[in-house]
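Pasting input.txt here (compact mmCIF, C-alpha atoms and all ligand atoms):
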# COMPACT_ATOMS: atom_id res chain seq x y z
CA MET A 1 124.78 -103.87 96.10
CA SER A 2 124.76 -107.59 96.85
CA GLN A 3 128.55 -107.45 97.07
CA HIS A 4 128.31 -105.33 100.23
CA LEU A 5 125.67 -107.50 101.78
CA LYS A 6 127.66 -110.63 101.08
CA GLU A 7 130.67 -109.20 102.90
CA VAL A 8 128.80 -107.67 105.83
CA ASP A 9 126.18 -110.27 106.56
CA PHE A 10 126.56 -113.58 104.84
CA ALA A 11 123.64 -115.14 106.72
CA VAL A 12 121.15 -112.64 105.32
CA PHE A 13 122.82 -112.56 101.90
CA SER A 14 122.67 -116.30 101.46
CA THR A 15 119.06 -116.45 102.65
CA ILE A 16 118.11 -113.85 100.04
CA GLU A 17 119.90 -115.91 97.41
CA LYS A 18 117.93 -118.98 98.51
CA GLU A 19 114.71 -117.02 98.37
CA LYS A 20 115.55 -115.92 94.81
CA ILE A 21 115.97 -119.56 93.86
CA ARG A 22 112.72 -120.49 95.59
CA GLN A 23 110.85 -117.81 93.67
CA ARG A 24 112.45 -118.88 90.39
CA GLU A 25 111.73 -122.57 90.88
CA GLN A 26 108.21 -122.62 92.31
CA ILE A 27 104.89 -122.12 90.58
CA GLU A 28 103.44 -119.28 92.62
CA LEU A 29 99.67 -119.56 92.88
CA ILE A 30 99.16 -117.51 96.04
CA ALA A 31 96.52 -115.05 94.84
CA SER A 32 97.90 -112.09 96.77
CA GLU A 33 101.46 -112.40 95.49
CA ASN A 34 103.22 -111.10 92.43
CA PHE A 35 106.69 -110.24 91.06
CA VAL A 36 107.71 -106.58 90.80
CA SER A 37 109.76 -105.31 87.90
CA PRO A 38 113.53 -104.80 88.37
CA ALA A 39 112.85 -101.04 88.11
CA ILE A 40 110.54 -101.17 91.13
CA LEU A 41 113.04 -103.30 93.01
CA GLU A 42 115.71 -100.64 92.43
CA ALA A 43 113.40 -97.87 93.64
CA VAL A 44 112.56 -99.70 96.88
CA GLY A 45 116.21 -100.51 97.45
CA SER A 46 117.17 -96.84 97.06
CA VAL A 47 118.61 -94.16 99.36
CA PHE A 48 115.09 -92.84 99.99
CA THR A 49 115.06 -95.33 102.86
CA ASN A 50 117.28 -92.81 104.68
CA LYS A 51 114.83 -89.93 104.56
CA TYR A 52 112.36 -88.71 107.17
CA ALA A 53 109.47 -86.81 105.60
CA GLU A 54 106.65 -86.60 108.16
CA GLY A 55 103.86 -84.51 106.72
CA TYR A 56 102.82 -84.19 103.08
CA PRO A 57 104.45 -82.67 99.95
CA GLY A 58 105.05 -78.95 100.59
CA ARG A 59 104.09 -79.31 104.29
CA ARG A 60 106.82 -81.36 105.96
CA TYR A 61 108.08 -81.42 109.51
CA TYR A 62 111.67 -82.03 108.35
CA GLY A 63 114.19 -80.21 106.18
CA GLY A 64 115.72 -81.67 103.04
CA CYS A 65 112.41 -82.93 101.67
CA ASP A 66 112.58 -81.46 98.15
CA ASN A 67 113.20 -84.79 96.46
CA ALA A 68 110.80 -86.60 98.75
CA ASP A 69 108.14 -84.06 97.75
CA VAL A 70 108.78 -84.71 94.07
CA VAL A 71 108.58 -88.49 94.35
CA GLU A 72 105.48 -88.48 96.58
CA GLN A 73 103.70 -86.00 94.28
CA LEU A 74 104.56 -88.19 91.28
CA ALA A 75 103.02 -91.17 93.05
CA ILE A 76 99.89 -89.19 93.99
CA ASP A 77 99.37 -87.69 90.53
CA ARG A 78 99.87 -91.01 88.77
CA ALA A 79 97.51 -92.81 91.17
CA LYS A 80 94.87 -90.14 90.58
CA GLN A 81 95.25 -90.55 86.84
CA LEU A 82 95.17 -94.34 87.06
CA PHE A 83 92.01 -94.57 89.19
CA GLY A 84 90.32 -91.21 88.55
CA ALA A 85 90.35 -90.46 92.29
CA GLU A 86 89.68 -87.00 93.74
CA HIS A 87 92.17 -87.43 96.56
CA VAL A 88 94.98 -89.92 97.17
CA ASN A 89 97.02 -90.68 100.26
CA ILE A 90 99.97 -92.81 99.28
CA GLN A 91 101.56 -93.15 102.72
CA PRO A 92 99.86 -96.18 104.35
CA HIS A 93 102.54 -98.77 105.04
CA SER A 94 100.17 -101.59 104.14
CA GLY A 95 96.60 -102.40 103.20
CA SER A 96 95.78 -102.96 106.84
CA GLN A 97 97.16 -99.54 107.77
CA ALA A 98 95.05 -97.99 105.02
CA ASN A 99 91.88 -99.57 106.41
CA SER A 100 92.76 -98.60 109.94
CA ALA A 101 93.21 -94.97 108.85
CA VAL A 102 89.79 -94.94 107.15
CA TYR A 103 88.17 -96.30 110.31
CA THR A 104 90.03 -93.71 112.39
CA ALA A 105 88.85 -90.93 110.06
CA THR A 106 85.20 -91.96 110.06
CA LEU A 107 84.37 -93.81 113.27
CA ASN A 108 84.45 -93.43 117.03
CA PRO A 109 85.11 -96.48 119.18
CA GLY A 110 81.82 -98.31 119.63
CA ASP A 111 80.40 -97.25 116.25
CA LYS A 112 78.85 -99.95 114.13
CA ILE A 113 80.33 -101.33 110.90
CA LEU A 114 78.81 -103.83 108.48
CA THR A 115 81.34 -106.04 106.72
CA LEU A 116 82.01 -109.38 105.03
CA SER A 117 83.41 -111.86 107.55
CA LEU A 118 86.73 -113.64 107.13
CA GLU A 119 84.93 -117.00 106.69
CA ASN A 120 83.02 -115.56 103.74
CA GLY A 121 86.09 -114.15 102.02
CA GLY A 122 86.58 -110.84 103.86
CA HIS A 123 89.82 -109.62 105.45
CA LEU A 124 90.99 -109.57 109.08
CA THR A 125 90.72 -105.78 109.03
CA HIS A 126 87.01 -106.08 108.28
CA GLY A 127 86.15 -106.55 111.94
CA HIS A 128 87.83 -109.78 113.00
CA PRO A 129 87.80 -109.99 116.82
CA LYS A 130 91.60 -110.29 116.95
CA ASN A 131 92.12 -107.19 114.78
CA THR A 132 91.72 -103.65 116.14
CA SER A 133 88.77 -103.22 113.75
CA GLY A 134 86.97 -105.90 115.75
CA MET A 135 88.16 -104.64 119.12
CA LEU A 136 87.24 -100.99 118.66
CA TYR A 137 84.01 -101.14 116.69
CA LYS A 138 80.75 -102.98 116.91
CA VAL A 139 80.86 -105.38 113.99
CA ILE A 140 78.02 -107.01 112.12
CA HIS A 141 78.53 -109.20 109.09
CA TYR A 142 76.79 -109.89 105.85
CA GLY A 143 77.81 -113.06 104.03
CA VAL A 144 77.68 -114.92 100.77
CA SER A 145 74.58 -116.79 99.71
CA ALA A 146 74.68 -120.50 100.56
CA GLU A 147 73.38 -121.51 97.12
CA THR A 148 75.34 -119.21 94.82
CA GLY A 149 78.46 -118.41 96.87
CA ARG A 150 77.96 -114.77 95.81
CA ILE A 151 77.71 -111.75 98.11
CA ASP A 152 74.22 -111.61 99.56
CA TYR A 153 73.27 -108.01 98.74
CA ASP A 154 69.74 -108.57 100.06
CA GLN A 155 71.11 -109.50 103.45
CA MET A 156 73.41 -106.47 103.31
CA GLU A 157 70.44 -104.23 102.58
CA GLN A 158 68.35 -105.82 105.33
CA LEU A 159 71.14 -105.32 107.88
CA ALA A 160 71.79 -101.76 106.72
CA LYS A 161 68.12 -101.02 107.25
CA THR A 162 67.71 -102.59 110.68
CA GLU A 163 71.17 -102.08 112.20
CA HIS A 164 72.06 -98.59 110.91
CA PRO A 165 75.83 -99.13 110.55
CA LYS A 166 77.88 -95.99 110.15
CA LEU A 167 80.14 -97.63 107.59
CA ILE A 168 79.82 -100.57 105.22
CA THR A 169 83.03 -102.27 104.13
CA VAL A 170 83.02 -104.21 100.88
CA GLY A 171 85.93 -106.05 99.32
CA ALA A 172 87.53 -109.42 99.81
CA SER A 173 90.61 -111.58 99.99
CA ALA A 174 89.01 -114.80 98.83
CA TYR A 175 86.07 -114.00 96.58
CA SER A 176 86.09 -114.96 92.92
CA ARG A 177 83.11 -113.01 91.60
CA ALA A 178 82.69 -109.42 90.44
CA ILE A 179 81.56 -107.01 93.15
CA ASP A 180 78.79 -104.52 92.45
CA PHE A 181 80.21 -101.45 94.18
CA LYS A 182 77.52 -99.24 92.68
CA LEU A 183 74.80 -101.35 94.27
CA VAL A 184 76.62 -101.38 97.62
CA SER A 185 76.89 -97.59 97.59
CA GLU A 186 73.18 -97.28 96.75
CA ILE A 187 72.30 -99.58 99.64
CA ALA A 188 74.61 -97.70 102.01
CA HIS A 189 73.54 -94.24 100.99
CA SER A 190 69.84 -94.98 101.22
CA HIS A 191 70.38 -96.04 104.83
CA GLY A 192 72.78 -93.28 105.83
CA ALA A 193 76.01 -95.28 105.80
CA LEU A 194 79.40 -94.46 104.31
CA VAL A 195 81.18 -97.01 102.11
CA LEU A 196 84.73 -98.28 102.23
CA ALA A 197 85.57 -100.34 99.15
CA ASP A 198 88.69 -102.41 99.80
CA ILE A 199 90.13 -103.38 96.41
CA ALA A 200 93.42 -104.78 97.77
CA HIS A 201 93.16 -107.87 95.57
CA ILE A 202 91.54 -106.55 92.42
CA ALA A 203 93.22 -103.13 92.10
CA GLY A 204 94.99 -104.07 88.86
CA LEU A 205 91.71 -105.17 87.30
CA VAL A 206 90.00 -101.98 88.48
CA ALA A 207 92.84 -99.75 87.23
CA THR A 208 92.52 -101.20 83.74
CA GLY A 209 88.72 -101.14 83.55
CA LEU A 210 88.41 -104.93 83.72
CA HIS A 211 86.40 -104.74 86.93
CA GLN A 212 83.81 -102.10 87.87
CA SER A 213 85.55 -99.27 89.73
CA PRO A 214 84.23 -98.23 93.13
CA VAL A 215 85.96 -94.85 92.86
CA PRO A 216 82.96 -92.93 91.43
CA TYR A 217 80.52 -94.44 93.94
CA CYS A 218 82.23 -94.96 97.28
CA GLU A 219 83.53 -92.35 99.72
CA PHE A 220 86.66 -94.37 100.46
CA VAL A 221 88.65 -96.86 98.42
CA THR A 222 91.64 -98.62 99.94
CA THR A 223 94.09 -100.93 98.29
CA THR A 224 97.40 -102.64 98.56
CA THR A 225 99.88 -101.89 95.81
CA HIS A 226 101.56 -105.31 95.69
CA LYS A 227 98.84 -107.77 94.64
CA THR A 228 97.36 -107.59 91.12
CA LEU A 229 98.70 -104.02 90.91
CA ARG A 230 102.22 -105.55 90.90
CA GLY A 231 103.98 -102.77 92.78
CA ALA A 232 106.04 -102.32 95.89
CA ARG A 233 104.49 -103.78 99.04
CA GLY A 234 102.29 -101.12 100.60
CA GLY A 235 98.89 -99.47 100.89
CA MET A 236 96.98 -96.50 99.55
CA ILE A 237 93.74 -94.64 100.24
CA MET A 238 91.57 -92.86 97.69
CA CYS A 239 88.67 -90.70 98.79
CA LYS A 240 86.26 -87.98 97.83
CA ALA A 241 87.72 -84.47 98.17
CA GLU A 242 85.51 -83.65 101.16
CA PHE A 243 87.26 -86.35 103.23
CA ALA A 244 90.81 -85.46 102.11
CA LYS A 245 91.79 -83.67 105.31
CA ALA A 246 90.27 -86.26 107.61
CA ILE A 247 92.06 -89.07 105.76
CA ASP A 248 95.42 -87.32 105.65
CA SER A 249 95.38 -86.61 109.35
CA ALA A 250 94.15 -90.14 110.15
CA VAL A 251 97.23 -91.53 108.34
CA PHE A 252 99.66 -88.99 109.79
CA PRO A 253 99.69 -88.28 112.69
CA GLY A 254 96.66 -90.50 113.38
CA THR A 255 98.07 -93.95 112.81
CA GLN A 256 101.61 -93.56 111.38
CA GLY A 257 104.77 -91.55 111.74
CA GLY A 258 107.23 -91.02 108.92
CA PRO A 259 106.27 -92.33 105.48
CA LEU A 260 108.42 -95.03 103.83
CA MET A 261 109.83 -92.86 101.06
CA HIS A 262 111.68 -95.70 99.31
CA ILE A 263 108.41 -97.62 99.12
CA ILE A 264 106.59 -94.52 97.88
CA ALA A 265 109.22 -94.24 95.13
CA GLY A 266 108.43 -97.85 94.23
CA LYS A 267 104.70 -97.09 94.21
CA ALA A 268 105.30 -94.18 91.80
CA VAL A 269 107.09 -96.55 89.40
CA CYS A 270 104.29 -99.10 89.78
CA PHE A 271 101.66 -96.55 88.72
CA LEU A 272 103.72 -95.49 85.71
CA GLU A 273 103.90 -99.13 84.64
CA ALA A 274 100.19 -99.59 85.28
CA LEU A 275 99.32 -96.63 83.03
CA LYS A 276 100.92 -98.37 80.03
CA PRO A 277 98.81 -100.31 77.51
CA GLU A 278 100.79 -103.51 78.20
CA PHE A 279 99.46 -103.48 81.75
CA LYS A 280 95.90 -103.86 80.52
CA GLN A 281 96.97 -106.80 78.37
CA TYR A 282 98.63 -108.29 81.43
CA GLN A 283 95.50 -107.90 83.57
CA SER A 284 93.33 -109.35 80.88
CA GLN A 285 95.64 -112.37 80.61
CA ILE A 286 95.40 -112.84 84.40
CA ILE A 287 91.63 -113.17 84.02
CA LYS A 288 91.88 -115.55 81.05
CA ASN A 289 94.39 -117.67 82.94
CA ALA A 290 92.18 -117.80 86.04
CA ALA A 291 89.17 -118.78 83.92
CA THR A 292 91.15 -121.57 82.27
CA LEU A 293 92.60 -122.82 85.55
CA ALA A 294 89.10 -122.86 87.12
CA GLU A 295 87.63 -124.72 84.13
CA GLN A 296 90.42 -127.26 84.22
CA MET A 297 90.10 -127.81 87.96
CA ALA A 298 86.35 -128.27 87.47
CA SER A 299 86.99 -130.75 84.68
CA HIS A 300 89.09 -132.77 87.16
CA GLY A 301 86.01 -132.93 89.39
CA TYR A 302 86.69 -130.12 91.86
CA HIS A 303 83.87 -127.83 92.88
CA ILE A 304 84.83 -124.18 92.39
CA VAL A 305 83.16 -122.01 95.03
CA ALA A 306 80.59 -119.65 93.47
CA GLY A 307 80.73 -121.76 90.31
CA GLY A 308 83.79 -120.15 88.76
CA THR A 309 85.70 -116.89 88.63
CA ASP A 310 85.36 -113.39 87.20
CA ASN A 311 88.73 -112.21 88.48
CA HIS A 312 92.24 -113.42 89.24
CA LEU A 313 91.45 -116.11 91.81
CA MET A 314 89.29 -119.08 92.70
CA LEU A 315 88.46 -121.12 95.75
CA VAL A 316 88.69 -124.85 95.15
CA ASP A 317 86.60 -127.11 97.37
CA LEU A 318 88.76 -130.20 97.86
CA ARG A 319 86.00 -132.30 99.39
CA THR A 320 84.36 -133.04 96.06
CA VAL A 321 87.37 -135.11 94.95
CA HIS A 322 89.37 -135.95 98.08
CA LYS A 323 86.93 -136.39 100.94
CA ASP A 324 89.57 -136.77 103.64
CA LEU A 325 92.28 -134.43 102.40
CA THR A 326 92.48 -131.17 104.35
CA GLY A 327 93.55 -127.86 102.84
CA LYS A 328 96.60 -127.99 105.09
CA ASP A 329 97.77 -131.39 103.83
CA ALA A 330 97.06 -130.36 100.24
CA GLU A 331 99.14 -127.21 100.70
CA ILE A 332 102.04 -129.24 102.12
CA ALA A 333 101.92 -131.89 99.38
CA LEU A 334 101.85 -129.25 96.64
CA GLU A 335 104.73 -127.36 98.20
CA SER A 336 106.86 -130.49 98.06
CA ALA A 337 106.18 -130.52 94.32
CA ASN A 338 107.22 -126.82 94.11
CA ILE A 339 103.68 -125.49 93.72
CA THR A 340 102.86 -122.77 96.24
CA VAL A 341 99.23 -122.27 97.25
CA ASN A 342 97.41 -121.45 100.44
CA ARG A 343 94.72 -123.37 102.21
CA ASN A 344 91.54 -121.41 102.70
CA VAL A 345 88.27 -121.83 104.52
CA ILE A 346 85.29 -122.10 102.24
CA PRO A 347 81.74 -120.89 102.87
CA ASN A 348 80.01 -123.21 105.37
CA GLU A 349 83.39 -124.60 106.36
CA THR A 350 83.27 -127.76 108.50
CA ARG A 351 86.96 -127.83 109.47
CA SER A 352 89.03 -125.44 111.60
CA PRO A 353 90.74 -122.58 109.73
CA LEU A 354 94.10 -124.23 110.43
CA LEU A 355 93.04 -127.29 108.45
CA ALA A 356 90.39 -125.86 106.07
CA SER A 357 88.70 -127.63 103.16
CA GLY A 358 89.70 -125.35 100.34
CA LEU A 359 92.62 -124.03 98.38
CA ARG A 360 92.85 -120.49 97.07
CA LEU A 361 94.51 -120.32 93.66
CA GLY A 362 95.43 -117.11 91.87
CA THR A 363 97.08 -116.32 88.55
CA PRO A 364 98.73 -112.86 88.90
CA ALA A 365 102.24 -114.21 89.56
CA VAL A 366 102.31 -116.96 86.93
CA THR A 367 100.91 -114.48 84.40
CA THR A 368 103.74 -112.05 85.19
CA ARG A 369 106.15 -114.84 84.22
CA GLY A 370 104.44 -115.01 80.83
CA MET A 371 102.42 -118.18 81.31
CA ARG A 372 99.17 -118.47 79.38
CA GLU A 373 96.18 -120.79 79.01
CA LYS A 374 98.27 -123.75 77.84
CA GLU A 375 100.36 -123.63 80.99
CA MET A 376 97.21 -123.38 83.17
CA VAL A 377 96.03 -126.70 81.72
CA LYS A 378 99.32 -128.26 82.80
CA ILE A 379 99.24 -126.69 86.25
CA ALA A 380 95.73 -128.03 86.91
CA GLU A 381 96.95 -131.47 85.90
CA PHE A 382 99.98 -131.18 88.23
CA ILE A 383 97.70 -130.27 91.13
CA LYS A 384 95.28 -133.11 90.47
CA THR A 385 98.15 -135.60 90.18
CA VAL A 386 99.76 -134.55 93.46
CA LEU A 387 96.51 -134.38 95.43
CA SER A 388 95.34 -137.76 94.19
CA ASP A 389 98.34 -139.39 95.84
CA PRO A 390 99.74 -136.81 98.28
CA GLU A 391 102.07 -139.19 100.11
CA ASN A 392 103.58 -140.83 97.04
CA LYS A 393 107.20 -139.64 96.83
CA SER A 394 107.76 -140.73 93.26
CA THR A 395 104.61 -139.00 92.01
CA ILE A 396 105.66 -135.84 93.79
CA SER A 397 109.17 -135.97 92.44
CA SER A 398 108.00 -136.50 88.87
CA VAL A 399 105.62 -133.53 89.13
CA LYS A 400 108.40 -131.48 90.68
CA HIS A 401 110.60 -132.17 87.65
CA ARG A 402 107.87 -131.00 85.33
CA VAL A 403 107.37 -127.87 87.46
CA LEU A 404 111.10 -127.07 87.30
CA ASP A 405 111.02 -127.50 83.56
CA LEU A 406 108.02 -125.17 83.22
CA CYS A 407 109.59 -122.51 85.48
CA GLY A 408 112.81 -122.73 83.48
CA ARG A 409 110.90 -121.85 80.33
CA PHE A 410 109.33 -118.76 81.99
CA PRO A 411 112.24 -117.12 83.82
CA LEU A 412 112.05 -114.25 86.29
CA PRO A 413 114.16 -111.15 85.59
CA TYR A 414 116.12 -111.65 88.82
C1 LIG B 1 95.69 -108.16 101.50
C2 LIG B 1 94.50 -107.45 101.99
C3 LIG B 1 94.58 -106.40 102.91
C4 LIG B 1 95.81 -106.07 103.73
O1 LIG B 1 96.97 -105.89 103.15
P1 LIG B 1 98.35 -105.94 103.99
O2 LIG B 1 99.23 -105.10 103.11
O3 LIG B 1 98.73 -107.36 104.09
O4 LIG B 1 98.10 -105.31 105.30
C5 LIG B 1 93.44 -105.68 103.21
N1 LIG B 1 92.27 -106.00 102.64
C6 LIG B 1 92.13 -107.02 101.79
C7 LIG B 1 90.80 -107.31 101.21
C8 LIG B 1 93.24 -107.79 101.44
O5 LIG B 1 93.09 -108.84 100.63
Have the structure of the file written as structure tokens, please.
Amino acid sequence: MSQHLKEVDFAVFSTIEKEKIRQREQIELIASENFVSPAILEAVGSVFTNKYAEGYPGRRYYGGCDNADVVEQLAIDRAKQLFGAEHVNIQPHSGSQANSAVYTATLNPGDKILTLSLENGGHLTHGHPKNTSGMLYKVIHYGVSAETGRIDYDQMEQLAKTEHPKLITVGASAYSRAIDFKLVSEIAHSHGALVLADIAHIAGLVATGLHQSPVPYCEFVTTTTHKTLRGARGGMIMCKAEFAKAIDSAVFPGTQGGPLMHIIAGKAVCFLEALKPEFKQYQSQIIKNAATLAEQMASHGYHIVAGGTDNHLMLVDLRTVHKDLTGKDAEIALESANITVNRNVIPNETRSPLLASGLRLGTPAVTTRGMREKEMVKIAEFIKTVLSDPENKSTISSVKHRVLDLCGRFPLPY
């Protein structure tokens, strides 16, 4: 395959080659990223990219959909088995598209939603003013408690009672503690609201029983397939049978046209992999690695938001060790030592989101490479060393050498 690309478009070919090297040689701690298997990569690079298949298996608006039907049904059946869902729509192009389809299926413009704000760990699609969820709907937010850093369920209940939202969204992009989906659904249902649980980050943990599943309790569950779930980049919606039709028509024709059949093929492979016993071992190692990394960072003096982690990620408050170092400068310094992280706002943030005072660290990608607790101890030490002297070129270059050595011992399959 690469042979053709090299001949036709050397600029793109060589950039892909450089990206391969970057992925091989950097310690990837971005909590939302992962490495797919070569099998998934083949599926997403397949001839299914050529196929139009508007509609759903058995009810398409195009001819020649027999194989598309088979692959989409495989993805649906496997997802149902993996999560125990009554209905699955596998077509959302992304997690954001999945959320937008749920809103379209359940809300009219002007309806009220209650969600976790971006500053408290929520996602843009949970009502941010610059996202359509914030433009179309009336948004109110619950937050995390100032003392514990954990979701403030009392505040959620209070707001559900006084504000009567039509839908409560729960789920996060930067929240390190377990979420009580059962409690959220009890709160919502006793005040007449529907629940959307967005498990984009924790889907792998949920699929393997290492985090409480929202599927039995919540009307709608959305996810990405490319974060802890380690599949092709994309989205998915699960819902109770009574909402199946509304969800399907909100995805197509409501918010999308033709499904990405090559990506759906990749999702099917992802679910097959996730149904294997090794996948549970993998998810459990992600959690152990995150716990070790958080402990080690704490032992270097960093405050971990919410006091630690129950899942695959943590938010590190830099201010406890480096008063004047912004998240942005920390991110840049670490990148020059081949450690990839992202800056993140922390609860009660005092800096702008562009600067931020925190770093979000996640272990799904390093765990895919086979790294374990011992390597997490080293990584924490690398981070502390770089951040203690972020402008020192020789410190950075010596850490970079150690990073390259570590990556070399845990190779990627491509
Ligand atoms: C990543 C994420 C999404 C969106 O996923 P995209 O595929 O990037 O659109 C939605 N919700 C949450 C909580 C996320 O973390």
Distance in Å - CA of Glu42 (chain A) versus atom O5 of ligand LIG 1 (chain B):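 Atom-to-atom, CA of Glu42 (chain A) and atom O5 of ligand LIG 1 (chain B) are spaced 25.4 Å apart.
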Could you make a table, as CSV, of the residues of chain A that have an atom within 9 Å of an atom of ligand LIG 1 (chain B), each with its nearest atom pair and distance in Å to one decimal, counting all atoms listed in the file, in chain and number order?
residue,atom,partner,partner_atom,distance
A:Ser32,CA,B:LIG1,C1,6.5
A:His93,CA,B:LIG1,O2,7.4
A:Ser94,CA,B:LIG1,O2,3.8
A:Gly95,CA,B:LIG1,O1,3.5
A:Ser96,CA,B:LIG1,O4,3.6
A:Gln97,CA,B:LIG1,O4,6.3
A:Ala98,CA,B:LIG1,O4,7.9
A:Asn99,CA,B:LIG1,C5,7.1
A:Gly121,CA,B:LIG1,C7,8.3
A:Gly122,CA,B:LIG1,C7,6.1
A:His123,CA,B:LIG1,C7,4.9
A:Leu124,CA,B:LIG1,C5,7.5
A:Thr125,CA,B:LIG1,C5,6.4
A:His126,CA,B:LIG1,N1,7.7
A:Val170,CA,B:LIG1,C7,8.4
A:Gly171,CA,B:LIG1,C7,5.4
A:Ala172,CA,B:LIG1,C7,4.1
A:Ser173,CA,B:LIG1,O5,3.8
A:Ala174,CA,B:LIG1,O5,7.4
A:Ala197,CA,B:LIG1,C7,9.0
A:Asp198,CA,B:LIG1,C7,5.5
A:Ile199,CA,B:LIG1,C7,6.2
A:Ala200,CA,B:LIG1,C8,4.7
A:His201,CA,B:LIG1,O5,5.2
A:Ile202,CA,B:LIG1,O5,8.7
A:Thr222,CA,B:LIG1,N1,7.9
A:Thr223,CA,B:LIG1,C5,6.9
A:Thr224,CA,B:LIG1,O2,5.5
A:Thr225,CA,B:LIG1,O2,8.0
A:His226,CA,B:LIG1,O2,7.8
A:Lys227,CA,B:LIG1,C1,7.6
A:Arg233,CA,B:LIG1,O2,6.8
A:Gly234,CA,B:LIG1,O2,5.6
A:Gly235,CA,B:LIG1,O2,6.1
Output C-alpha atoms for every residue in the selection just made, as a tab-separated table (two decimals), keeping the file's coordinate frame.
chain	number	residue	atom	x	y	z
A	32	SER	CA	97.90	-112.09	96.77
A	93	HIS	CA	102.54	-98.77	105.04
A	94	SER	CA	100.17	-101.59	104.14
A	95	GLY	CA	96.60	-102.40	103.20
A	96	SER	CA	95.78	-102.96	106.84
A	97	GLN	CA	97.16	-99.54	107.77
A	98	ALA	CA	95.05	-97.99	105.02
A	99	ASN	CA	91.88	-99.57	106.41
A	121	GLY	CA	86.09	-114.15	102.02
A	122	GLY	CA	86.58	-110.84	103.86
A	123	HIS	CA	89.82	-109.62	105.45
A	124	LEU	CA	90.99	-109.57	109.08
A	125	THR	CA	90.72	-105.78	109.03
A	126	HIS	CA	87.01	-106.08	108.28
A	170	VAL	CA	83.02	-104.21	100.88
A	171	GLY	CA	85.93	-106.05	99.32
A	172	ALA	CA	87.53	-109.42	99.81
A	173	SER	CA	90.61	-111.58	99.99
A	174	ALA	CA	89.01	-114.80	98.83
A	197	ALA	CA	85.57	-100.34	99.15
A	198	ASP	CA	88.69	-102.41	99.80
A	199	ILE	CA	90.13	-103.38	96.41
A	200	ALA	CA	93.42	-104.78	97.77
A	201	HIS	CA	93.16	-107.87	95.57
A	202	ILE	CA	91.54	-106.55	92.42
A	222	THR	CA	91.64	-98.62	99.94
A	223	THR	CA	94.09	-100.93	98.29
A	224	THR	CA	97.40	-102.64	98.56
A	225	THR	CA	99.88	-101.89	95.81
A	226	HIS	CA	101.56	-105.31	95.69
A	227	LYS	CA	98.84	-107.77	94.64
A	233	ARG	CA	104.49	-103.78	99.04
A	234	GLY	CA	102.29	-101.12	100.60
A	235	GLY	CA	98.89	-99.47	100.89
Residue nearest Ile346 (chain A) among A:Lys138, A:His303, A:Lys323, A:His191 (counting all atoms listed in the file): A:His303
Residues near Ala365 (chain A), anyone? I mean within 10 Å using only C-alpha atoms, not counting same-chain ones fewer than 4 positions away, as a PDB file with C-alpha atoms, in the frame of the given file.
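Generated file (out-v6.pdb):
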ATOM      1  CA  ILE A  27     104.890-122.120  90.580  1.00  0.00           C
ATOM      2  CA  GLU A  28     103.440-119.280  92.620  1.00  0.00           C
ATOM      3  CA  LEU A  29      99.670-119.560  92.880  1.00  0.00           C
ATOM      4  CA  ILE A  30      99.160-117.510  96.040  1.00  0.00           C
ATOM      5  CA  ALA A  31      96.520-115.050  94.840  1.00  0.00           C
ATOM      6  CA  SER A  32      97.900-112.090  96.770  1.00  0.00           C
ATOM      7  CA  GLU A  33     101.460-112.400  95.490  1.00  0.00           C
ATOM      8  CA  ASN A  34     103.220-111.100  92.430  1.00  0.00           C
ATOM      9  CA  PHE A  35     106.690-110.240  91.060  1.00  0.00           C
ATOM     10  CA  VAL A  36     107.710-106.580  90.800  1.00  0.00           C
ATOM     11  CA  LYS A 227      98.840-107.770  94.640  1.00  0.00           C
ATOM     12  CA  THR A 228      97.360-107.590  91.120  1.00  0.00           C
ATOM     13  CA  ARG A 230     102.220-105.550  90.900  1.00  0.00           C
ATOM     14  CA  ILE A 286      95.400-112.840  84.400  1.00  0.00           C
ATOM     15  CA  ARG A 369     106.150-114.840  84.220  1.00  0.00           C
ATOM     16  CA  GLY A 370     104.440-115.010  80.830  1.00  0.00           C
ATOM     17  CA  MET A 371     102.420-118.180  81.310  1.00  0.00           C
TER      18      MET A 371
END
For Leu260 (chain A), find every residue with an atom within 9 Å (counting all atoms listed in the file), except residues of its own chain fewer than 4 positions away, and show them as a PyMOL selection string. chain A and resi 48-49+51-53+91-93+264-265
Mind dumping the selected residues with C-alpha atoms as a PDB file, in the frame of the given file?
ATOM      1  CA  PHE A  48     115.090 -92.840  99.990  1.00  0.00           C
ATOM      2  CA  THR A  49     115.060 -95.330 102.860  1.00  0.00           C
ATOM      3  CA  LYS A  51     114.830 -89.930 104.560  1.00  0.00           C
ATOM      4  CA  TYR A  52     112.360 -88.710 107.170  1.00  0.00           C
ATOM      5  CA  ALA A  53     109.470 -86.810 105.600  1.00  0.00           C
ATOM      6  CA  GLN A  91     101.560 -93.150 102.720  1.00  0.00           C
ATOM      7  CA  PRO A  92      99.860 -96.180 104.350  1.00  0.00           C
ATOM      8  CA  HIS A  93     102.540 -98.770 105.040  1.00  0.00           C
ATOM      9  CA  ILE A 264     106.590 -94.520  97.880  1.00  0.00           C
ATOM     10  CA  ALA A 265     109.220 -94.240  95.130  1.00  0.00           C
TER      11      ALA A 265
END
I need every residue sitting at most 7 Å from the point (79.6, -109.9, 105.3) (coordinates as in the file, all atoms listed in the file considered), written as an MDAnalysis selection string. chainID A and resid 114:117 120 141:143
Can you pull out the residues contacting Glu163 (chain A)? Cut-off 9 Å, using only C-alpha atoms, and skip same-chain residues under 5 positions away; I want them as a list of chain:residue names.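 Once the nearby chain positions are removed, what remains is A:Lys112, A:Leu114, A:Ile140, A:Gln158.
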